[in-house]
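Reproduced below: protein28.txt, with compact mmCIF, C-alpha atoms and all ligand atoms.
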# COMPACT_ATOMS: atom_id res chain seq x y z
CA MET A 1 5.83 6.31 34.32
CA THR A 2 4.24 7.23 37.64
CA LEU A 3 2.08 10.28 37.41
CA THR A 4 1.28 12.59 40.23
CA SER A 5 -2.34 13.44 39.75
CA VAL A 6 -4.18 16.26 41.39
CA ARG A 7 -7.63 15.59 42.77
CA PRO A 8 -10.03 18.25 41.57
CA THR A 9 -11.75 20.24 44.27
CA PRO A 10 -15.49 19.58 44.50
CA LEU A 11 -17.44 22.70 43.72
CA LEU A 12 -20.59 21.60 45.51
CA ASN A 13 -20.09 24.02 48.38
CA ILE A 14 -20.01 26.98 45.98
CA SER A 15 -23.30 28.74 45.29
CA PRO A 16 -25.46 26.88 42.75
CA LEU A 17 -25.76 30.15 40.90
CA THR A 18 -22.03 30.32 40.21
CA PRO A 19 -21.63 29.23 36.60
CA LEU A 20 -19.11 26.78 35.22
CA ARG A 21 -17.07 28.73 32.72
CA VAL A 22 -16.81 27.21 29.24
CA ALA A 23 -14.39 28.15 26.44
CA LEU A 24 -14.98 26.98 22.89
CA LEU A 25 -12.03 26.56 20.53
CA GLY A 26 -13.24 26.59 16.93
CA CYS A 27 -16.50 27.83 15.46
CA GLY A 28 -16.88 25.98 12.18
CA VAL A 29 -19.65 23.55 11.27
CA VAL A 30 -19.48 21.72 14.62
CA GLY A 31 -18.37 24.63 16.82
CA SER A 32 -21.15 26.99 15.76
CA GLU A 33 -23.71 24.26 16.48
CA VAL A 34 -22.16 23.61 19.89
CA ALA A 35 -22.30 27.34 20.69
CA ARG A 36 -25.90 27.54 19.56
CA LEU A 37 -26.93 24.60 21.76
CA ILE A 38 -25.10 25.96 24.81
CA ILE A 39 -26.86 29.31 24.38
CA GLU A 40 -30.33 28.07 23.39
CA GLN A 41 -30.51 25.17 25.85
CA ALA A 42 -28.98 27.08 28.75
CA GLU A 43 -31.88 26.39 31.11
CA ASP A 44 -32.00 22.65 30.46
CA LEU A 45 -28.24 22.35 30.68
CA ARG A 46 -28.29 24.20 33.99
CA ALA A 47 -30.92 21.80 35.32
CA ARG A 48 -29.03 18.73 34.09
CA VAL A 49 -25.66 19.86 35.40
CA GLY A 50 -26.91 21.57 38.56
CA ARG A 51 -25.07 24.78 37.74
CA PRO A 52 -25.28 27.23 34.81
CA LEU A 53 -22.79 26.80 31.96
CA GLU A 54 -21.46 30.17 30.89
CA LEU A 55 -19.87 30.40 27.45
CA VAL A 56 -17.12 32.94 28.14
CA GLY A 57 -15.24 32.94 24.85
CA ILE A 58 -14.99 31.40 21.41
CA ALA A 59 -11.61 31.21 19.68
CA VAL A 60 -11.83 31.75 15.94
CA ARG A 61 -9.23 32.13 13.24
CA ARG A 62 -10.89 35.23 11.77
CA TYR A 63 -13.53 37.65 13.05
CA ASP A 64 -15.13 38.22 9.68
CA GLN A 65 -17.55 35.28 9.61
CA ARG A 66 -21.09 36.12 10.70
CA ARG A 67 -22.53 33.67 13.17
CA PRO A 68 -26.17 34.53 13.84
CA GLY A 69 -27.36 34.08 17.41
CA ILE A 70 -23.88 34.29 18.93
CA ASP A 71 -22.83 37.45 20.77
CA PRO A 72 -19.90 38.87 18.72
CA GLU A 73 -18.27 39.93 22.00
CA LEU A 74 -17.53 36.25 22.67
CA PHE A 75 -15.16 35.91 19.73
CA THR A 76 -11.42 36.16 20.11
CA THR A 77 -8.54 35.29 17.82
CA ASP A 78 -6.27 34.75 20.82
CA ALA A 79 -6.97 31.13 21.74
CA GLU A 80 -3.96 30.93 24.05
CA GLU A 81 -5.20 33.83 26.12
CA LEU A 82 -8.68 32.30 26.22
CA VAL A 83 -7.51 28.96 27.67
CA SER A 84 -5.33 30.74 30.24
CA ARG A 85 -8.36 32.49 31.75
CA ASP A 86 -10.11 30.97 34.75
CA ILE A 87 -11.97 28.34 32.73
CA ASP A 88 -13.60 25.14 33.98
CA LEU A 89 -14.35 23.40 30.69
CA VAL A 90 -12.66 23.73 27.30
CA ILE A 91 -14.23 22.37 24.13
CA GLU A 92 -11.80 21.84 21.25
CA VAL A 93 -13.35 21.52 17.79
CA ILE A 94 -10.57 23.07 15.72
CA GLY A 95 -9.25 19.73 14.49
CA GLY A 96 -5.76 18.88 13.24
CA ILE A 97 -2.60 18.54 15.30
CA GLU A 98 -1.48 22.11 15.97
CA PRO A 99 -2.48 24.45 17.49
CA ALA A 100 -5.10 22.06 18.93
CA ARG A 101 -2.55 19.97 20.88
CA SER A 102 -0.82 22.98 22.49
CA LEU A 103 -4.15 24.53 23.39
CA ILE A 104 -5.51 21.34 24.95
CA LEU A 105 -2.30 20.86 26.94
CA ALA A 106 -2.41 24.48 28.09
CA ALA A 107 -6.07 24.11 29.12
CA LEU A 108 -5.25 20.98 31.14
CA ARG A 109 -2.24 22.69 32.73
CA HIS A 110 -4.57 25.45 33.84
CA GLY A 111 -6.81 22.84 35.44
CA ALA A 112 -9.69 22.86 32.94
CA SER A 113 -11.37 19.65 31.80
CA VAL A 114 -11.38 19.13 28.04
CA VAL A 115 -13.93 17.85 25.55
CA THR A 116 -12.52 17.27 22.08
CA ALA A 117 -13.70 15.90 18.74
CA ASN A 118 -10.14 15.66 17.45
CA LYS A 119 -9.60 12.11 16.16
CA ALA A 120 -6.41 12.97 14.26
CA LEU A 121 -4.73 14.33 17.37
CA LEU A 122 -5.91 11.48 19.61
CA ALA A 123 -4.65 8.95 17.08
CA VAL A 124 -1.25 10.60 16.74
CA ASP A 125 -0.58 11.68 20.30
CA GLY A 126 -3.40 10.55 22.58
CA ALA A 127 -0.87 9.35 25.18
CA THR A 128 0.46 12.88 25.77
CA LEU A 129 -3.07 14.22 26.23
CA PHE A 130 -4.10 11.44 28.61
CA GLU A 131 -0.97 11.88 30.69
CA ALA A 132 -1.55 15.63 30.90
CA ALA A 133 -5.17 15.09 31.96
CA GLU A 134 -4.09 12.57 34.59
CA ARG A 135 -1.43 14.91 35.91
CA ALA A 136 -3.93 17.76 36.12
CA GLY A 137 -6.68 15.64 37.69
CA ALA A 138 -8.95 16.78 34.87
CA ASP A 139 -11.22 15.05 32.39
CA LEU A 140 -10.46 14.36 28.74
CA TYR A 141 -13.63 13.28 26.90
CA PHE A 142 -13.88 12.61 23.18
CA GLU A 143 -17.15 10.92 22.23
CA ALA A 144 -17.43 13.09 19.09
CA ALA A 145 -14.06 11.92 17.75
CA VAL A 146 -15.46 8.63 16.42
CA ALA A 147 -18.70 8.11 14.52
CA GLY A 148 -20.28 11.50 15.26
CA ALA A 149 -23.45 11.18 17.29
CA ILE A 150 -23.17 7.43 17.86
CA PRO A 151 -22.32 6.63 21.46
CA ILE A 152 -19.37 4.27 20.99
CA ILE A 153 -16.53 5.74 23.07
CA ARG A 154 -18.49 5.61 26.31
CA PRO A 155 -19.74 2.04 25.72
CA LEU A 156 -16.16 0.89 25.11
CA ARG A 157 -14.68 2.97 27.92
CA GLU A 158 -17.37 2.32 30.52
CA SER A 159 -20.33 0.05 29.73
CA LEU A 160 -18.24 -2.81 28.29
CA VAL A 161 -15.13 -2.31 30.39
CA GLY A 162 -15.91 -5.43 32.43
CA ASP A 163 -16.13 -7.59 29.31
CA GLU A 164 -13.46 -8.87 26.94
CA ILE A 165 -13.92 -7.29 23.54
CA THR A 166 -12.53 -9.43 20.74
CA SER A 167 -13.44 -7.45 17.66
CA VAL A 168 -14.66 -4.02 16.61
CA ILE A 169 -15.65 -3.60 12.97
CA GLY A 170 -16.91 -0.23 11.91
CA ILE A 171 -18.14 1.83 9.04
CA VAL A 172 -16.74 5.02 10.53
CA ASN A 173 -16.52 7.35 7.57
CA GLY A 174 -19.76 8.73 6.19
CA THR A 175 -18.31 10.18 2.99
CA THR A 176 -16.87 6.90 1.77
CA ASN A 177 -19.97 5.00 2.83
CA TYR A 178 -22.07 7.40 0.77
CA ILE A 179 -19.79 6.96 -2.26
CA LEU A 180 -19.76 3.15 -2.08
CA ASP A 181 -23.51 3.03 -1.43
CA ARG A 182 -24.21 5.18 -4.50
CA MET A 183 -21.87 3.07 -6.64
CA ASP A 184 -23.80 0.00 -5.52
CA THR A 185 -27.37 1.28 -5.62
CA ALA A 186 -27.22 3.82 -8.48
CA GLY A 187 -24.58 2.06 -10.57
CA ILE A 188 -22.48 5.20 -10.92
CA GLY A 189 -18.68 5.42 -10.97
CA PHE A 190 -16.36 6.60 -8.20
CA ALA A 191 -15.78 10.11 -9.62
CA GLU A 192 -19.50 10.79 -10.04
CA ALA A 193 -20.33 9.50 -6.56
CA LEU A 194 -17.53 11.63 -5.06
CA ALA A 195 -18.86 14.72 -6.86
CA GLU A 196 -22.30 14.00 -5.36
CA ALA A 197 -20.79 13.62 -1.88
CA GLN A 198 -19.06 16.97 -2.31
CA GLN A 199 -22.25 18.63 -3.52
CA LEU A 200 -24.11 17.33 -0.47
CA GLY A 201 -21.40 18.69 1.83
CA TYR A 202 -20.24 15.26 3.05
CA ALA A 203 -16.82 15.38 1.39
CA GLU A 204 -14.40 18.27 1.80
CA ALA A 205 -13.11 20.21 -1.23
CA ASP A 206 -9.94 18.16 -0.63
CA PRO A 207 -11.44 14.74 0.14
CA THR A 208 -8.10 12.94 0.64
CA ALA A 209 -8.53 12.21 4.37
CA ASP A 210 -11.86 10.51 3.73
CA ILE A 211 -11.31 8.65 0.45
CA GLU A 212 -7.77 7.52 1.23
CA GLY A 213 -8.89 6.14 4.60
CA PHE A 214 -6.86 8.45 6.88
CA ASP A 215 -9.95 9.62 8.77
CA ALA A 216 -11.13 6.03 9.31
CA ALA A 217 -7.61 4.93 10.30
CA ALA A 218 -7.46 7.56 13.06
CA LYS A 219 -10.82 6.34 14.34
CA ALA A 220 -9.65 2.71 14.15
CA ALA A 221 -6.63 3.60 16.31
CA ILE A 222 -8.90 5.15 18.94
CA LEU A 223 -11.34 2.22 18.90
CA ALA A 224 -8.59 -0.43 19.09
CA SER A 225 -6.86 1.36 21.98
CA LEU A 226 -10.08 1.52 23.99
CA ALA A 227 -11.35 -1.94 23.14
CA PHE A 228 -8.10 -3.80 23.84
CA HIS A 229 -6.60 -1.63 26.63
CA THR A 230 -3.45 -0.93 24.72
CA ARG A 231 -1.91 1.92 22.79
CA VAL A 232 -2.60 1.86 19.05
CA THR A 233 -1.67 4.94 17.04
CA GLY A 234 -2.70 5.99 13.54
CA ALA A 235 0.69 4.79 12.27
CA ASP A 236 -0.07 1.26 13.55
CA VAL A 237 -3.19 1.03 11.39
CA TYR A 238 -2.86 -0.58 7.95
CA ARG A 239 -4.72 1.62 5.49
CA GLU A 240 -6.12 1.47 1.96
CA GLY A 241 -8.66 3.92 0.59
CA ILE A 242 -11.47 3.49 -1.94
CA THR A 243 -10.14 5.44 -4.94
CA GLY A 244 -9.38 2.24 -6.86
CA ILE A 245 -12.87 0.74 -6.52
CA THR A 246 -14.47 0.26 -9.94
CA PRO A 247 -18.01 -0.56 -11.06
CA ALA A 248 -16.57 -3.98 -11.99
CA ASP A 249 -15.56 -4.56 -8.34
CA ILE A 250 -19.06 -3.56 -7.23
CA ALA A 251 -20.55 -5.99 -9.77
CA SER A 252 -18.20 -8.79 -8.65
CA ALA A 253 -19.31 -8.30 -5.06
CA ARG A 254 -22.94 -8.34 -6.13
CA ASP A 255 -22.40 -11.58 -8.09
CA ILE A 256 -21.41 -13.42 -4.91
CA GLY A 257 -24.15 -11.79 -2.79
CA HIS A 258 -21.80 -9.28 -1.18
CA VAL A 259 -21.43 -5.50 -0.98
CA ILE A 260 -18.25 -3.42 -0.72
CA LYS A 261 -17.75 -1.28 2.40
CA LEU A 262 -14.79 0.66 3.73
CA LEU A 263 -14.22 -1.09 7.05
CA ALA A 264 -12.18 -0.25 10.11
CA ILE A 265 -11.35 -3.67 11.56
CA CYS A 266 -9.83 -3.98 15.02
CA GLN A 267 -9.20 -7.49 16.33
CA LEU A 268 -7.71 -9.19 19.35
CA SER A 269 -5.94 -12.45 18.49
CA PRO A 270 -7.38 -15.55 20.15
CA PRO A 271 -5.48 -16.96 23.14
CA ILE A 272 -3.06 -19.70 22.14
CA ALA A 273 -1.73 -21.99 24.86
CA GLY A 274 1.98 -21.45 25.36
CA ALA A 275 2.06 -18.47 23.00
CA ALA A 276 3.38 -15.09 24.04
CA ASP A 277 1.07 -12.09 24.38
CA ARG A 278 -2.15 -11.89 22.46
CA THR A 279 -1.74 -9.35 19.70
CA VAL A 280 -4.06 -6.74 18.28
CA SER A 281 -4.51 -5.67 14.70
CA ALA A 282 -6.12 -2.58 13.23
CA ARG A 283 -6.72 -2.04 9.55
CA VAL A 284 -8.81 0.08 7.22
CA HIS A 285 -9.55 -1.10 3.72
CA PRO A 286 -12.45 -1.78 1.39
CA ALA A 287 -13.84 -5.28 1.74
CA MET A 288 -16.66 -7.40 0.40
CA ILE A 289 -19.13 -8.41 3.12
CA PRO A 290 -22.20 -10.62 2.72
CA ARG A 291 -25.42 -8.71 2.13
CA SER A 292 -26.80 -10.53 5.16
CA HIS A 293 -24.14 -9.01 7.46
CA PRO A 294 -25.53 -6.34 9.84
CA LEU A 295 -23.10 -3.75 8.41
CA ALA A 296 -24.18 -4.40 4.81
CA GLY A 297 -27.44 -2.51 5.28
CA VAL A 298 -25.73 0.66 6.51
CA GLY A 299 -26.38 3.00 3.60
CA ASP A 300 -26.03 6.65 2.70
CA ALA A 301 -23.57 8.59 4.92
CA TYR A 302 -24.48 6.63 8.06
CA ASN A 303 -21.91 5.04 10.35
CA SER A 304 -22.13 1.84 12.32
CA VAL A 305 -19.88 -0.06 14.68
CA PHE A 306 -20.22 -3.79 15.26
CA VAL A 307 -18.66 -5.03 18.49
CA GLU A 308 -18.11 -8.62 19.55
CA SER A 309 -17.23 -9.50 23.12
CA MET A 310 -16.94 -12.63 25.23
CA SER A 311 -19.89 -12.05 27.52
CA ALA A 312 -22.20 -9.61 25.73
CA GLY A 313 -21.84 -11.30 22.35
CA ARG A 314 -22.61 -9.14 19.34
CA LEU A 315 -23.59 -5.48 19.66
CA MET A 316 -24.39 -3.03 16.91
CA PHE A 317 -24.24 0.78 17.14
CA TYR A 318 -25.76 2.80 14.31
CA GLY A 319 -26.44 6.42 13.47
CA PRO A 320 -25.25 9.64 11.86
CA GLY A 321 -21.47 9.74 11.94
CA ALA A 322 -20.76 13.25 10.72
CA GLY A 323 -22.23 16.73 10.34
CA GLY A 324 -22.54 19.71 12.65
CA SER A 325 -25.66 18.77 14.54
CA PRO A 326 -24.95 15.07 15.23
CA THR A 327 -21.35 15.80 16.22
CA ALA A 328 -22.49 18.65 18.48
CA SER A 329 -24.86 16.21 20.20
CA ALA A 330 -21.88 14.06 21.22
CA VAL A 331 -19.90 17.14 22.32
CA LEU A 332 -22.78 18.37 24.48
CA GLY A 333 -23.15 14.94 26.08
CA ASP A 334 -19.49 15.06 27.06
CA LEU A 335 -19.83 18.65 28.23
CA VAL A 336 -22.64 17.80 30.64
CA THR A 337 -20.72 14.75 31.91
CA VAL A 338 -17.45 16.58 32.57
CA ALA A 339 -19.38 19.45 34.18
CA ARG A 340 -21.13 17.02 36.53
CA ASN A 341 -17.79 15.34 37.32
CA ARG A 342 -16.25 18.69 38.10
CA LEU A 343 -19.00 19.62 40.52
CA ARG A 344 -18.48 16.36 42.39
CA GLY A 345 -14.69 16.70 42.39
CA ALA A 346 -14.53 13.53 40.32
CA VAL A 347 -12.86 12.59 37.07
CA GLY A 348 -14.01 10.02 34.54
CA PRO A 349 -11.86 7.17 33.22
CA GLY A 350 -8.40 7.97 31.89
CA GLU A 351 -6.36 6.01 29.39
CA SER A 352 -6.39 2.25 29.97
CA SER A 353 -3.33 0.86 28.25
CA TYR A 354 -2.19 -1.66 30.86
CA ALA A 355 -2.35 -4.62 28.45
CA ALA A 356 0.42 -3.17 26.23
CA ARG A 357 -0.31 -5.64 23.47
CA PRO A 358 1.90 -5.87 20.37
CA VAL A 359 0.27 -4.65 17.16
CA SER A 360 0.38 -7.18 14.29
CA GLU A 361 1.55 -6.29 10.81
CA ILE A 362 -1.06 -6.67 8.06
CA GLY A 363 0.91 -9.64 6.66
CA SER A 364 0.08 -11.82 9.65
CA VAL A 365 -3.63 -10.95 9.74
CA MET A 366 -5.97 -13.77 8.68
CA THR A 367 -8.36 -12.79 5.90
CA ARG A 368 -9.91 -14.02 2.66
CA TYR A 369 -9.48 -12.74 -0.88
CA HIS A 370 -11.80 -12.42 -3.85
CA LEU A 371 -9.83 -12.47 -7.12
CA SER A 372 -10.90 -11.84 -10.70
CA LEU A 373 -8.51 -13.06 -13.39
CA GLN A 374 -8.55 -12.87 -17.18
CA VAL A 375 -7.14 -16.19 -18.31
CA ALA A 376 -6.52 -18.30 -21.37
CA ASP A 377 -9.35 -20.85 -21.70
CA LYS A 378 -7.49 -24.07 -22.39
CA ALA A 379 -6.60 -27.38 -20.75
CA GLY A 380 -4.30 -27.18 -17.73
CA VAL A 381 -4.91 -23.50 -16.94
CA LEU A 382 -6.90 -24.20 -13.81
CA GLU A 383 -4.29 -26.65 -12.59
CA THR A 384 -1.50 -24.09 -13.06
CA ILE A 385 -3.49 -21.47 -11.19
CA ALA A 386 -4.50 -23.85 -8.39
CA HIS A 387 -0.83 -24.77 -8.03
CA ALA A 388 0.10 -21.11 -7.36
CA PHE A 389 -2.42 -21.02 -4.50
CA ALA A 390 -1.26 -24.38 -3.10
CA GLU A 391 2.40 -23.32 -3.18
CA HIS A 392 1.57 -20.45 -0.84
CA GLY A 393 -0.59 -22.58 1.45
CA VAL A 394 -3.78 -20.79 0.36
CA SER A 395 -6.90 -22.93 0.13
CA ILE A 396 -9.50 -22.09 -2.51
CA GLU A 397 -13.14 -22.01 -1.43
CA THR A 398 -14.88 -21.41 -4.77
CA VAL A 399 -13.90 -21.03 -8.43
CA ARG A 400 -16.23 -19.82 -11.12
CA GLN A 401 -15.57 -19.29 -14.81
CA ASN A 402 -17.44 -16.66 -16.80
CA GLY A 403 -17.09 -16.53 -20.60
CA ARG A 404 -14.77 -18.69 -22.64
CA ASN A 405 -11.97 -18.84 -25.21
CA ALA A 406 -10.24 -15.44 -25.42
CA ASN A 407 -12.52 -13.82 -22.82
CA ALA A 408 -12.51 -16.29 -19.99
CA GLN A 409 -12.73 -14.77 -16.53
CA LEU A 410 -12.03 -16.75 -13.38
CA VAL A 411 -13.49 -15.62 -10.09
CA ILE A 412 -11.79 -17.23 -7.10
CA VAL A 413 -12.68 -16.83 -3.44
CA THR A 414 -10.21 -18.21 -0.93
CA HIS A 415 -10.52 -19.60 2.57
CA HIS A 416 -8.84 -17.69 5.40
CA ALA A 417 -5.08 -17.36 5.08
CA ARG A 418 -2.41 -14.95 6.23
CA ASP A 419 -2.59 -11.73 4.26
CA ALA A 420 1.10 -12.10 3.33
CA ALA A 421 0.41 -15.51 1.78
CA LEU A 422 -2.58 -14.14 -0.12
CA SER A 423 -0.67 -11.19 -1.53
CA ALA A 424 2.28 -13.45 -2.45
CA THR A 425 -0.20 -15.63 -4.32
CA VAL A 426 -1.45 -12.61 -6.27
CA ARG A 427 2.15 -11.69 -7.17
CA ALA A 428 2.76 -15.25 -8.38
CA LEU A 429 -0.46 -15.23 -10.44
CA ARG A 430 0.60 -12.01 -12.16
CA LYS A 431 3.74 -13.77 -13.39
CA LEU A 432 1.95 -16.75 -14.93
CA ASP A 433 1.70 -16.88 -18.74
CA VAL A 434 -1.82 -18.31 -18.52
CA VAL A 435 -3.02 -15.28 -16.52
CA ARG A 436 -3.58 -12.38 -18.91
CA GLU A 437 -4.52 -9.95 -16.16
CA VAL A 438 -5.48 -9.88 -12.50
CA THR A 439 -8.45 -7.55 -12.83
CA GLY A 440 -9.64 -7.44 -9.23
CA VAL A 441 -8.31 -8.24 -5.76
CA MET A 442 -10.39 -7.55 -2.69
CA ARG A 443 -10.52 -8.85 0.85
CA VAL A 444 -13.68 -10.64 1.95
CA GLU A 445 -14.82 -10.19 5.54
CA GLY A 446 -17.72 -10.96 7.77
CA ASP A 447 -18.49 -14.63 7.32
N1 LIG B 501 -15.43 13.36 7.19
C1 LIG B 501 -15.91 12.41 8.13
C2 LIG B 501 -16.92 11.49 7.46
C3 LIG B 501 -16.59 13.02 9.33
O1 LIG B 501 -17.21 11.64 6.27
O2 LIG B 501 -17.39 10.60 8.13
C4 LIG B 501 -15.62 13.51 10.33
O3 LIG B 501 -14.79 12.48 10.79
Just dump the structure as structure tokens.
Ligand code: HSE
Amino acid sequence: MTLTSVRPTPLLNISPLTPLRVALLGCGVVGSEVARLIIEQAEDLRARVGRPLELVGIAVRRYDQRRPGIDPELFTTDAEELVSRDIDLVIEVIGGIEPARSLILAALRHGASVVTANKALLAVDGATLFEAAERAGADLYFEAAVAGAIPIIRPLRESLVGDEITSVIGIVNGTTNYILDRMDTAGIGFAEALAEAQQLGYAEADPTADIEGFDAAAKAAILASLAFHTRVTGADVYREGITGITPADIASARDIGHVIKLLAICQLSPPIAGAADRTVSARVHPAMIPRSHPLAGVGDAYNSVFVESMSAGRLMFYGPGAGGSPTASAVLGDLVTVARNRLRGAVGPGESSYAARPVSEIGSVMTRYHLSLQVADKAGVLETIAHAFAEHGVSIETVRQNGRNANAQLVIVTHHARDAALSATVRALRKLDVVREVTGVMRVEGD
């Protein structure tokens, strides 16, 4: 589609005392911190932007919450009216799909630039937002949508845009990283670790989006789209959460010198002579990674994103990925940038989806599996099991037996194979008489 974009008018010839008018949509954990910083750091922000930033309104769902330090006159429950005022910059930190989408689109239609932290919306319908921004000649910035305070959107969108990124692997959900870290370091179970995460305010009262991997999948879609210049939505991302991880899985990982992390893995397939387009894949699932891997040391509720590219090589981004203050830091960074752009009559980069690469199904992704099996300990068992792997073209890297007689456990780690072949192997193993139970199946990544 060809878009008619409007070039924003530079504001440089307007008096430097004329403020840029800012509207804030949402005043929860992140929004209240953003408001506080805009108010308390007004002088520094003015100096950095070259013009004062005036917070003209804050849309809230209810008036009744007390927000110390914020003029109550700023609050309104009519967000639609707020974005239709003469506003330069709109910050959306409401989250969710609606009314956030309608409000962002209305703000762009009215010519405002938008800063959003809304990963769910970007993952579901980023294309509509980018097109609206392009049409309006306005900015759409979203550093806070992925990995909180960690600068990762701008590096992918700008710093590395001249390079070819081949892989982005991230720990992009702090709640699940906290839970898995506690299971590993304190030896506690999933339920206890989740309760701790809730007590510390990391996990929501309804933690589904975090522990089932939806939050990380939305972030994976955003990262894959930016890294590979193509459109990847949340629905394109294969997703498994961490609710099934047991202390036995944690111990199995430890036994082979690995640790379990919930990873968002975005990959560009290697070029193959004569093959059609290179494909991309995006998936979120728990995986065992070697303790020597740079992501293995990311503990507590921290986030980290590991990027590999053709020219730069390996890059690692690390920091706090959630919470009011860190997320507000990313929002304020975007706010200053879009304000500066506006003064110069410029806009930052829009969507880059020219490559239009097909997204691979999980079945065709190459990975490795770690399997734990309870087996009968007698002659011929190993041969029967090895045969099931061979039949599916899966090569075994290591086999170890623990225990014997009635309690024999086999631990098998495979070489790389297509995920479909690996899961077909697991189905075949479950049908074998000699296999009493498949007690653990986990992907192995990072080596
Ligand atoms: N709930 C997310 C996390 C932060 O635990 O990382 C917001 O995406």
Residues within 6 Å of ligand LIG 501 (chain B) should be enumerated using all atoms listed in the file and returned as a PyMOL selection string. chain A and resi 173-175+202+210+215+321-322
Name all residues at most 12 Å from A:Gly324 (count all atoms listed in the file; drop same-chain ones fewer than 4 positions away) and give them as a PyMOL selection string. chain A and resi 27-37+93+117+144+148-149+201-202+320+328-332
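Take the candidates A:Phe142, A:Gly69, A:Gln41, A:Val83 and check each one against A:Val56 using only C-alpha atoms; the shortest distance goes to A:Val83.
With only C-alpha atoms as the atoms that count, the residue of A:Ile150, A:Val394, A:Leu194, A:Val381 with the shortest distance to A:Val435 is A:Val381.
Using all atoms listed in the file, the shortest contact distance between A:Pro358 and any of A:Ala107, A:Leu160, A:Glu40, A:Leu268 is found at A:Leu268.
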Quick one: everything within 12 Å of A:Glu397, counting only C-alpha atoms, minus sequence neighbours fewer than 6 positions away in the same chain. Send it as a PDB file with C-alpha atoms, keeping the file's coordinate frame.
ATOM      1  CA  ARG A 368      -9.910 -14.020   2.660  1.00  0.00           C
ATOM      2  CA  TYR A 369      -9.480 -12.740  -0.880  1.00  0.00           C
ATOM      3  CA  HIS A 370     -11.800 -12.420  -3.850  1.00  0.00           C
ATOM      4  CA  LEU A 371      -9.830 -12.470  -7.120  1.00  0.00           C
ATOM      5  CA  ALA A 386      -4.500 -23.850  -8.390  1.00  0.00           C
ATOM      6  CA  PHE A 389      -2.420 -21.020  -4.500  1.00  0.00           C
ATOM      7  CA  VAL A 411     -13.490 -15.620 -10.090  1.00  0.00           C
ATOM      8  CA  ILE A 412     -11.790 -17.230  -7.100  1.00  0.00           C
ATOM      9  CA  VAL A 413     -12.680 -16.830  -3.440  1.00  0.00           C
ATOM     10  CA  THR A 414     -10.210 -18.210  -0.930  1.00  0.00           C
ATOM     11  CA  HIS A 415     -10.520 -19.600   2.570  1.00  0.00           C
ATOM     12  CA  HIS A 416      -8.840 -17.690   5.400  1.00  0.00           C
ATOM     13  CA  ALA A 417      -5.080 -17.360   5.080  1.00  0.00           C
ATOM     14  CA  VAL A 444     -13.680 -10.640   1.950  1.00  0.00           C
TER      15      VAL A 444
END
Of the listed residues A:Ala191, A:Leu373, A:Ala388, A:Ala356, that which approaches A:Leu410 most closely, counting all atoms listed in the file: A:Leu373
Near-A:Ala421 list (8 Å; all atoms listed in the file; drop same-chain fewer than 5 positions) as number ranges by chain: A: 363, 392-394
Between atom CA of A:Val161 and atom CA of A:Leu89 - distance in Å to one decimal: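 These two atoms are separated by 25.7 Å.
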Have a look at atom CA of A:Leu122 and atom CA of A:Ile265 and let me know their distance in Å, one decimal.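 Atom CA of A:Leu122 sits 18.0 Å away from atom CA of A:Ile265.
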So, counting only C-alpha atoms, which residue among A:Ala376, A:Val280, A:Ala205, A:Leu20 is closest to A:Leu432?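 Using only C-alpha atoms, A:Leu432 sits closest to A:Ala376.
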Point-to-point distance in Å for atom CA of A:Ala251 and atom CA of A:Met366: 24.8 Å
Compile the contact shell of A:Ile165 as JSON, numbers by chain: residues with an atom at most 8 Å away, counting all atoms listed in the file, same-chain residues fewer than 2 positions apart removed. {"A": [160, 163, 167, 168, 227, 228, 268, 307, 308, 309, 310]}
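Shortest atom-to-atom contact with A:Val114 among A:Gly189, A:Arg314, A:Glu437, A:Ile87: A:Ile87, counting all atoms listed in the file.
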